[in-house]
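To start, the structure under review is shown below, and the notes come after it.
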Amino acid sequence: MSNIAILEIDGKKYEFPVIVGTENEVAIDINKLRGETGAITIDPGYKNSGSCTSNITFLDGEQGILRYRGYSIEDLAEKSNFLEVAYLLIFGELPTAAQIEKFENDIRKYTLVNEEMKNIIDGFPRTAHPMGVLASLTSALTAFNPKSVNVDNEKEMYEAVCKTMAKFLVIATWTYRKNMGYPLNYYDNTKGYVENFMRLMFELPTGPYKMNPVVVNALDKLFILHADHEQNCSTSTVRMVGSSHAGLFASISSGVSALWGPLHGGANQAVLEMLEAIQKDGGDVEKFLAKAKDKNDPFRLMGFGHRVYKNFDPRARIIKKAADEVLADLGVDDPVLDIAKKLEKAALEDEYFKSRNLYPNVDFYSGIIYRAMGIPTEMFTVLFAIGRLPGWIAQWKEMRVNKEPIGRPRQVYTGSPLRDFTDINNR
Ligand code: ACO
């Protein structure tokens with residue numbers, strides 16, 4: 001591969017450097033394109049555009065590879081745990097035993113959330129969507145932590161990481177408690193991070209909460225699988241907002257909003273709503289497959305297809321196994337989950353889906369597991385956000401430490417050319 005790309009415009013040739021990543025990904029560096037040629041590139045949806053170089057996550061959509069800091073997702077899901085993976089993503093290396101113990105204890109220092117945050121939650125109607133509430137609460141944390149972190153100061157950055165990991169988990173579960181009308185719960189510093197998620201959600205003052213290790217283990221895995229996915233929509237949003245030097249909480253809050261959309265993290269909720277709609281309609285899976293294939297029908301099979309995984313989603317493979325284990329352990333008998341299995345089988349055998357490489361993605365199975373765990377559908381994307389938090393933090397930190405410039409894309413204007421102002425009486 002040549003290390004120079006040549007572009008010809010109006011008979012004039014321009015040379016641009018070619019960058020090759022550690023996994024041989026090739027990119028043409030067009031930094032000087034506009035300055036030298038006056039032209040820009042256009043790439044709606046950024047299907048061909050790299051926004052940065054990054055050391056965090058590698059994925060190869062064609063081969064179904066996902067790695068965090070060089071470690072395969074399969075290895076991490078099997079051998080590691082969520083906090084360890086969070087540490088790896090954010091600080092670059094797997095922690096030693098002493099480092100992970102310290103990390104967990106340092107997170108515990110920040111698990112109390114300012115009581116005044118409760119006044120903010122009280123302002124929301126109980127029917128408010130938890131993702132909307134979570135985005136607002138995350139942003140509100142800025143008010144209680146106004147000092148913006150000095151990213152070049154390792155100690156300050158480390159404290160900001162611990163604080164964000166601690167408080168985000170608590171407020172995420174508060175969105176559910178509010179919705180249910182339950183008293184807001186506090187983190188128990190004698191228990192683990194993922195165990196605390198289950199407690200914060202489901203433990204009631206009226207009696208002890210019985211932890212199911214199979215469920216905690218599956219949830220830990222799910223969080224690992226969601227922890228980072230390089231420059232996806234929400235992560236790019238976090239980096240973009242952070243590039244203006246907005247604070248960590250404000251940037252994460254914008255990531256939550258981006259994740260909420262049904263074409264991104266909101267898909268896991270959309271999957272369950274789709275399955276429920278199929279059940280309500282009589283359970284005819286083939287009818288919905290036909291709708292998904294009909295180009296005159298906007299319906300899409302939620303939880304199928306992926307922008308980058310055009311072969312298979314490696315996370316979906318791992319999670320399918322976890323889903324089978326959880327369903328078997330909990331002995332769930334749920335007609336909606338039967339529909340999910342039928343739909344998966346029918347779509348995998350269907351020519352339309354096969355020819356377009358449309359496989360079940362991570363959201364298809366995560367929705368199924370969450371439902372079996374008794375987590376309400378509206379909370380599904382909140383769980384995705386908890387899992388994705390370390391990735392957002394890691395990417396924000398990398399962007400700031402690398403001193404990346406403010407994100408500010410260009411455009412090609414296609415509106416009206418200059419025209420005279422028309423007086424209101426003559427319009
Ligand atoms: N159901 C039916 N047809 C589909 C689906 C689907 N879920 N997904 C893609 N297609 C078809 C398209 O109609 C198109 O067909 P054509 O070639 O005949 O025109 C072809 O497959 C390619 O689809 P694109 O929209 O070009 O694929 P893109 O990469 O832009 O979109 C996306 C990926 C948004 C994920 C899409 O597959 C989709 O909408 N899926 C459902 C929503 C979903 O599950 N999102 C979760 C993504 S994973 C995540 O965020 C963690």
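Residues in the structure tokens are numbered from 1 in each chain, the chains being A, B, ... in the order shown, and ligands are numbered from 1 in the order shown.
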When you look at Ala323 in chain A with a cut-off of 7 Å (counting only C-alpha atoms), what residues show up, excluding the ones that are within fewer than 3 positions of it in the same chain? I need them as JSON, numbers by chain. {"A": [319, 320, 326, 327, 365, 369]}
Resulting file, chosen residues, N, CA and C atoms, as a short mmCIF file (atom, residue, chain, number, x, y, z; two decimals), in the first residue's frame:
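Everything below was put into part33.cif:
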```
data_model
loop_
_atom_site.label_atom_id
_atom_site.label_comp_id
_atom_site.auth_asym_id
_atom_site.auth_seq_id
_atom_site.Cartn_x
_atom_site.Cartn_y
_atom_site.Cartn_z
N ILE A 319 -24.13 -13.21 23.91
CA ILE A 319 -25.34 -12.88 24.67
C ILE A 319 -26.44 -13.92 24.44
N LYS A 320 -26.44 -14.53 23.27
CA LYS A 320 -27.45 -15.57 23.00
C LYS A 320 -27.28 -16.71 24.02
N VAL A 326 -29.99 -17.78 31.32
CA VAL A 326 -30.89 -17.05 32.23
C VAL A 326 -32.32 -17.60 32.12
N LEU A 327 -32.76 -17.84 30.89
CA LEU A 327 -34.13 -18.33 30.70
C LEU A 327 -34.28 -19.70 31.35
N TYR A 365 -31.13 -9.83 21.69
CA TYR A 365 -31.04 -10.75 22.82
C TYR A 365 -31.05 -10.03 24.17
N ILE A 369 -33.29 -10.97 27.55
CA ILE A 369 -32.76 -11.24 28.90
C ILE A 369 -33.38 -10.26 29.91
#
```
Pick out each residue of range 321-423 of chain A that DSSP on the backbone tags as helix (DSSP H, G or I); I need them as a ChimeraX atom specification. /A:321-330,335-349,351-355,362-372,377-401
Rounded to one decimal place, report the atom 46 (C, counted along the ligand's line) of ligand 1-CA of Pro125 in chain A distance in Å.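 About the pair atom 46 (C, counted along the ligand's line) of ligand 1 and CA of Pro125 in chain A: they are 28.2 Å apart.
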Which neighbours of Ile56 in chain A fall inside 8 Å, counting only C-alpha atoms, when residues of the same chain fewer than 6 positions from it are skipped, and could you give them as a VMD selection string? chain A and resid 68 to 69 89 92 230 394 to 395
Measuring between only C-alpha atoms, which one of A:Ser355, A:Gln269, A:Thr190, A:Asn361 shows the shortest distance to Phe384 in chain A? A:Gln269
Test item: residues lying within 6 Å of ligand 1 with only C-alpha atoms and all ligand atoms, as a VMD selection string: chain A and resid 263 to 265 267 292 to 293 300 to 307 356 361 363
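Computed from the coordinates, the CA of Asn24 in chain A to CA of Glu62 in chain A distance equals 14.0 Å.
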Which residues, written as a list in words, have at least one atom at most 12 Å from Ile278 in chain A, with only C-alpha atoms counted and residues fewer than 4 positions away on the same chain left out?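 Final neighbour list, sorted by chain and number: Val271, Leu272, Glu273, Met274, Gly282, Gly283, Asp284, Val285, Glu286, Lys287, Phe288, Leu289, Lys291, Leu301, Met302, Pro335, Val336, Leu337, Asp338, Ile339, Ala340, Lys342 and Leu343 of chain A.
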As a PyMOL selection string, please: the residues near range 396-401 of chain A (cut-off 10 Å, only C-alpha atoms, same-chain neighbours under 3 positions excluded). chain A and resi 52-56+90-91+150-153+157+161+235-245+247-248+251-252+390-393+404-406
How would the residues just chosen look if you wrote them out with C-alpha atoms as a compact mmCIF listing (two decimals), in the first residue's frame?
```txt
# COMPACT_ATOMS: atom_id res chain seq x y z
CA CYS A 52 -10.23 10.46 14.98
CA THR A 53 -7.48 7.97 15.60
CA SER A 54 -8.13 5.97 18.76
CA ASN A 55 -6.32 3.39 20.92
CA ILE A 56 -9.42 2.12 22.67
CA ILE A 90 -10.55 4.14 30.64
CA PHE A 91 -6.94 3.69 31.76
CA ASN A 150 -8.35 19.27 34.54
CA VAL A 151 -7.75 16.40 32.14
CA ASP A 152 -3.98 16.80 32.34
CA ASN A 153 -4.03 16.20 36.09
CA MET A 157 -9.17 12.81 36.10
CA VAL A 161 -13.95 8.86 36.57
CA THR A 235 -19.90 8.03 21.56
CA SER A 236 -19.30 10.41 18.68
CA THR A 237 -21.82 12.72 20.35
CA VAL A 238 -19.92 12.53 23.66
CA ARG A 239 -16.65 13.32 21.87
CA MET A 240 -18.24 16.09 19.82
CA VAL A 241 -19.84 17.81 22.83
CA GLY A 242 -16.65 17.32 24.87
CA SER A 243 -14.60 18.81 22.03
CA SER A 244 -16.04 22.22 22.92
CA HIS A 245 -14.56 21.56 26.40
CA GLY A 247 -17.72 19.03 31.11
CA LEU A 248 -17.82 15.27 31.52
CA SER A 251 -21.03 15.35 27.52
CA ILE A 252 -22.30 12.06 28.99
CA PRO A 390 -16.98 3.41 30.67
CA GLY A 391 -16.68 3.68 26.89
CA TRP A 392 -18.04 7.22 26.86
CA ILE A 393 -15.65 8.21 29.66
CA GLU A 404 -8.33 17.21 19.62
CA PRO A 405 -9.77 20.32 17.99
CA ILE A 406 -13.42 21.28 18.36
```
Using only C-alpha atoms, which residues sit within 12 Å of Ala97 in chain A once same-chain residues fewer than 6 positions away are excluded, as a ChimeraX atom specification? /A:84,87,103-104
Please dump the current selection as a PDB file, in the first residue's frame; keep all heavy atoms.
```
ATOM      1  N   GLU A  84     -13.541  -4.290  35.941  1.00  0.00           N
ATOM      2  CA  GLU A  84     -12.198  -4.488  35.403  1.00  0.00           C
ATOM      3  C   GLU A  84     -12.131  -3.980  33.953  1.00  0.00           C
ATOM      4  O   GLU A  84     -11.178  -3.306  33.548  1.00  0.00           O
ATOM      5  CB  GLU A  84     -11.879  -5.984  35.449  1.00  0.00           C
ATOM      6  CG  GLU A  84     -10.428  -6.287  35.592  1.00  0.00           C
ATOM      7  CD  GLU A  84     -10.176  -7.778  35.773  1.00  0.00           C
ATOM      8  OE1 GLU A  84     -10.460  -8.557  34.837  1.00  0.00           O
ATOM      9  OE2 GLU A  84      -9.695  -8.150  36.842  1.00  0.00           O
ATOM     10  N   TYR A  87     -12.090  -0.261  33.852  1.00  0.00           N
ATOM     11  CA  TYR A  87     -10.734   0.224  34.155  1.00  0.00           C
ATOM     12  C   TYR A  87      -9.849   0.107  32.911  1.00  0.00           C
ATOM     13  O   TYR A  87      -9.123   1.035  32.543  1.00  0.00           O
ATOM     14  CB  TYR A  87     -10.150  -0.585  35.319  1.00  0.00           C
ATOM     15  CG  TYR A  87      -8.845  -0.044  35.845  1.00  0.00           C
ATOM     16  CD1 TYR A  87      -8.810   0.731  37.002  1.00  0.00           C
ATOM     17  CD2 TYR A  87      -7.641  -0.307  35.195  1.00  0.00           C
ATOM     18  CE1 TYR A  87      -7.608   1.240  37.489  1.00  0.00           C
ATOM     19  CE2 TYR A  87      -6.440   0.196  35.665  1.00  0.00           C
ATOM     20  CZ  TYR A  87      -6.429   0.964  36.818  1.00  0.00           C
ATOM     21  OH  TYR A  87      -5.240   1.467  37.286  1.00  0.00           O
ATOM     22  N   PHE A 103      -9.836   0.890  42.854  1.00  0.00           N
ATOM     23  CA  PHE A 103     -10.830   1.491  41.950  1.00  0.00           C
ATOM     24  C   PHE A 103     -12.238   1.302  42.516  1.00  0.00           C
ATOM     25  O   PHE A 103     -13.023   2.248  42.606  1.00  0.00           O
ATOM     26  CB  PHE A 103     -10.702   0.833  40.573  1.00  0.00           C
ATOM     27  CG  PHE A 103     -11.544   1.466  39.485  1.00  0.00           C
ATOM     28  CD1 PHE A 103     -11.566   2.847  39.293  1.00  0.00           C
ATOM     29  CD2 PHE A 103     -12.306   0.675  38.631  1.00  0.00           C
ATOM     30  CE1 PHE A 103     -12.321   3.422  38.277  1.00  0.00           C
ATOM     31  CE2 PHE A 103     -13.063   1.238  37.614  1.00  0.00           C
ATOM     32  CZ  PHE A 103     -13.075   2.611  37.434  1.00  0.00           C
ATOM     33  N   GLU A 104     -12.528   0.065  42.939  1.00  0.00           N
ATOM     34  CA  GLU A 104     -13.861  -0.227  43.464  1.00  0.00           C
ATOM     35  C   GLU A 104     -14.119   0.590  44.740  1.00  0.00           C
ATOM     36  O   GLU A 104     -15.199   1.165  44.903  1.00  0.00           O
ATOM     37  CB  GLU A 104     -14.002  -1.736  43.733  1.00  0.00           C
ATOM     38  CG  GLU A 104     -15.419  -2.108  44.086  1.00  0.00           C
ATOM     39  CD  GLU A 104     -15.775  -3.551  43.770  1.00  0.00           C
ATOM     40  OE1 GLU A 104     -14.848  -4.367  43.586  1.00  0.00           O
ATOM     41  OE2 GLU A 104     -16.984  -3.856  43.734  1.00  0.00           O
TER      42      GLU A 104
END
```
Excluding same-chain residues fewer than 5 positions from Thr41 in chain A, what lies within 12 Å of it counting only C-alpha atoms, as a list of chain:residue names?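 In the requested form, the answer reads A:Leu7, A:Ile28, A:Asp29, A:Ile30, A:Asn31, A:Lys32, A:Leu33, A:Arg34, A:Tyr46, A:Asn48, A:Ser49, A:Pro409, A:Arg410, A:Gln411, A:Val412.
For the atom pair formed by CA of Met198 in chain A and CA of Met211 in chain A, the distance is 7.7 Å, given to one decimal.
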